[in-house]
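Shown next, in structure tokens, is the structure this report addresses.
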Amino acid sequence: MAESRKLRMGLVGGGPGAFIGPVHRIAAELDGKIELVAGAFSHSAERSREAGARFGIDPARAYADYTAMLDAERKRPDGIDFIVITTPNHLHLPVAKAALEAGIPVMSDKPATATYEEAVELEAVVRKSGLPYGLTHTYAGYAMVREARAICAAGKLGTIRKVAVEYFQGWLSRPLETTGHKQAAWRSDPAQSGLGGAIGDIGTHAFHLLEYVSGLQVTAINATLRTVVPGRKLDDDCNAFLRLNNGAAGTLACSQIAAGELNDPRLRIYGENGSIEWRQQDPNRLIVKWLDGPEEVHHAAASYLSKDALAVVRVPSGHPEGYLEAFAVLYREFAEALVAWKKGEKNPLPATLPGITAGVRGMRFIERAIASNRIEGWVEF
């Protein structure tokens with residue numbers, strides 16, 4: 001493949017009324033390495049054609065379903081280089097499995113699958129295929145999350161003693177799923193979302209952020225899940241205590257019934273020498289507090305940042321980059337890995353890009369949180 005050619009992307013999901021599919025498209029194309037050329041945008045052939053027209057692709061490449069897309073694109077001399085999965089969770093495994101078995105790499109929205117057992121199955125398929133597989137835990141793409149990760153990895157905080165992560169939203173404070181609201185409906189339906197409500201939709205993000213930045217792993221969990229809105233079939237609020245593999249303690253809270261909150265992931269990590277704090281609603285600043293020194297504010301794109309943080313910024317300090325740009329960082333890394341893979345490099349995905357291991361651990365978090373809530377006590381991870 002000539003390096004000057006853009007990678008051709010096929011999108012599964014993202015039809016009329018979708019939120020995350022169009023976000024994936026914008027992010028994928030932001031750095032000029034990828035272009036959307038095909039898609040199975042809806043389970044309705046008519047709505048798929050409608051989405052294809054809106055995205056400006058060849059009408060012949062707006063397919064009625066993902067199997068038709070995979071079959072047709074494999075036969076084209078200009079076929080897709082990879083697919084992106086932005087469907088409800090219950091389709092993540094079948095779509096990813098079909099693509100990988102057809103020899104097509106995969107980029108997937110999180111969580112990786114609908115259940116932990118499916119995630120284990122998908123992991124085996126990914127390993128057997130040898131193909132690149134990426135998972136869009138968006139917050140891993142922020143420069144200041146990369147800076148926080150580098151600070152922890154360098155041991156600057158000393159031994160980490162406590163980690164606190166939270167992710168609060170308020171949009172499901174009322175039963176939107178009963179009003180025809182598409183996004184609320186599938187997220188509240190166990191048949192489409194899996195067994196996790198808030199813990200699957202945003203709790204997995206919080207869990208990944210905690211492990212990604214701290215470099216530690218959860219070894220045990222004591223979770224309380226609540227379904228606050230009457231009639232709702234899945235959890236909409238979670239509070240959990242965590243034990244980490246270095247002996248540290250952690251807390252994880254996520255909620256979609258925190259009225260007034262918009263989209264507010266927040267991470268705090270406390271070591272013996274100091275602490276760090278990052279919030280998604282102020283993403284270009286990282287607060288660093290020292291036990292015996294002044295509080296510091298680290299700014300995105302500043303020259304003093306780590307190489308990992310500087311590698312993902314596009315504009316000078318003071319020019320804010322946000323959600324779409326963070327999303328695009330993951331696509332840029334995936335595109336670069338895909339080019340390397342096409343040249344014969346094995347396992348080209350960088351450690352900074354979430355993959356199948358993160359996907360399996362995210363699904364294990366959901367499964368273990370549910371198990372802990374059931375017995376009202378601690379469970380090993």
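How things are named: the first chain in the structure tokens is A, the next is B, and so on; residues count from 1 in each chain; ligands count from 1 in the order shown.
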Contact table stretch 155-201 of chain A vs stretch 344-367 of chain A, cut-off 12 Å, shortest pair per residue, only C-alpha atoms, as JSON lines:
```
{"residue": "A:Ser193", "atom": "CA", "partner": "A:Ile366", "partner_atom": "CA", "distance": 11.7}
{"residue": "A:Gly194", "atom": "CA", "partner": "A:Ile366", "partner_atom": "CA", "distance": 9.6}
{"residue": "A:Leu195", "atom": "CA", "partner": "A:Ile366", "partner_atom": "CA", "distance": 7.9}
{"residue": "A:Gly196", "atom": "CA", "partner": "A:Ile366", "partner_atom": "CA", "distance": 6.2}
{"residue": "A:Gly197", "atom": "CA", "partner": "A:Ile366", "partner_atom": "CA", "distance": 9.3}
{"residue": "A:Ala198", "atom": "CA", "partner": "A:Ile366", "partner_atom": "CA", "distance": 9.8}
{"residue": "A:Ile199", "atom": "CA", "partner": "A:Ile366", "partner_atom": "CA", "distance": 6.3}
{"residue": "A:Gly200", "atom": "CA", "partner": "A:Ile366", "partner_atom": "CA", "distance": 6.3}
{"residue": "A:Asp201", "atom": "CA", "partner": "A:Ile366", "partner_atom": "CA", "distance": 10.0}
```
Write out, as a PDB file, in the first residue's frame, the residues just selected, with N, CA and C atoms.
```pdb
ATOM      1  N   SER A 193     -27.952  -3.853  25.102  1.00  0.00           N
ATOM      2  CA  SER A 193     -26.840  -3.275  25.857  1.00  0.00           C
ATOM      3  C   SER A 193     -26.008  -4.328  26.577  1.00  0.00           C
ATOM      4  N   GLY A 194     -26.613  -5.481  26.913  1.00  0.00           N
ATOM      5  CA  GLY A 194     -25.975  -6.431  27.805  1.00  0.00           C
ATOM      6  C   GLY A 194     -26.479  -6.195  29.212  1.00  0.00           C
ATOM      7  N   LEU A 195     -25.831  -6.796  30.190  1.00  0.00           N
ATOM      8  CA  LEU A 195     -26.324  -6.754  31.565  1.00  0.00           C
ATOM      9  C   LEU A 195     -25.948  -5.486  32.319  1.00  0.00           C
ATOM     10  N   GLY A 196     -25.123  -4.641  31.730  1.00  0.00           N
ATOM     11  CA  GLY A 196     -24.719  -3.412  32.392  1.00  0.00           C
ATOM     12  C   GLY A 196     -25.402  -2.196  31.800  1.00  0.00           C
ATOM     13  N   GLY A 197     -25.957  -1.344  32.663  1.00  0.00           N
ATOM     14  CA  GLY A 197     -26.535  -0.085  32.224  1.00  0.00           C
ATOM     15  C   GLY A 197     -25.487   1.012  32.287  1.00  0.00           C
ATOM     16  N   ALA A 198     -25.524   1.799  33.362  1.00  0.00           N
ATOM     17  CA  ALA A 198     -24.520   2.852  33.532  1.00  0.00           C
ATOM     18  C   ALA A 198     -23.109   2.274  33.608  1.00  0.00           C
ATOM     19  N   ILE A 199     -22.977   1.101  34.253  1.00  0.00           N
ATOM     20  CA  ILE A 199     -21.630   0.529  34.373  1.00  0.00           C
ATOM     21  C   ILE A 199     -21.071   0.100  33.020  1.00  0.00           C
ATOM     22  N   GLY A 200     -21.954  -0.270  32.095  1.00  0.00           N
ATOM     23  CA  GLY A 200     -21.483  -0.637  30.771  1.00  0.00           C
ATOM     24  C   GLY A 200     -21.225   0.560  29.888  1.00  0.00           C
ATOM     25  N   ASP A 201     -22.093   1.557  29.985  1.00  0.00           N
ATOM     26  CA  ASP A 201     -22.008   2.722  29.109  1.00  0.00           C
ATOM     27  C   ASP A 201     -20.879   3.664  29.509  1.00  0.00           C
TER      28      ASP A 201
END
```
DSSP alpha helix (DSSP H) residues within stretch 21-93 of chain A, listed as a PyMOL selection string: chain A and resi 21-29+45-55+66-75+92-93
Near-stretch 284-293 of chain A list (8 Å; only C-alpha atoms; drop same-chain fewer than 5 positions) as a list in words: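 Non-adjacent residues within range: Ala143, Met144, Ala148, Glu272, Asn273, Gly274, Ser275, Ile276, Glu277, Trp278, His298, His299, Ala300, Pro320, Glu321 and Gly322 of chain A.
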Option closest in space to A:Thr178, from A:Gly231, A:Ser44, A:Val339, A:Val163 [counting only C-alpha atoms]: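 For A:Thr178, the nearest of the given residues is A:Gly231.
Using only C-alpha atoms, the nearest neighbour of A:Gly215 within the list A:Ile202, A:Leu330, A:Met69, A:Cys152 is A:Cys152.
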Neighbour list for stretch 72-86 of chain A as a list of chain:residue names, cut-off 7 Å, only C-alpha atoms, skip fewer than 2 positions in-chain: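 Within the cut-off, the hits are A:Leu7, A:Arg8, A:Met9, A:Gly10, A:Leu11, A:Val12, A:Gly13, A:Gly14, A:Ile20, A:Gly21, A:Ala68, A:Met69, A:Leu70, A:Pro88, A:His92, A:Ile104, A:Pro105, A:Val106, A:Met107, A:Ser108, A:Asp109.
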Contacts of A:Ala51 at 10 Å (only C-alpha atoms; same-chain gap of 6+ positions) as a PDB file with C-alpha atoms, in the first residue's frame:
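Wrote it out as result_25.pdb, contents follow:
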```pdb
ATOM      1  CA  GLY A  13     -23.849   1.612  12.493  1.00  0.00           C
ATOM      2  CA  GLY A  14     -24.089   5.387  12.528  1.00  0.00           C
ATOM      3  CA  GLY A  15     -27.386   5.648  10.694  1.00  0.00           C
ATOM      4  CA  PRO A  16     -30.092   8.316  11.126  1.00  0.00           C
ATOM      5  CA  GLY A  17     -30.533   9.280  14.779  1.00  0.00           C
ATOM      6  CA  PRO A  22     -20.902  10.280  13.071  1.00  0.00           C
ATOM      7  CA  GLY A  39     -20.965   1.354   5.382  1.00  0.00           C
ATOM      8  CA  ALA A  40     -23.823  -0.744   6.682  1.00  0.00           C
ATOM      9  CA  PHE A  41     -25.320   2.129   8.596  1.00  0.00           C
ATOM     10  CA  SER A  42     -28.650   0.648   9.680  1.00  0.00           C
ATOM     11  CA  ALA A  45     -31.610  -0.879   3.810  1.00  0.00           C
ATOM     12  CA  ILE A  57     -20.317   7.967  -0.306  1.00  0.00           C
ATOM     13  CA  PRO A  59     -24.641   4.725  -3.211  1.00  0.00           C
ATOM     14  CA  ALA A  62     -24.206   1.831   1.358  1.00  0.00           C
TER      15      ALA A  62
END
```
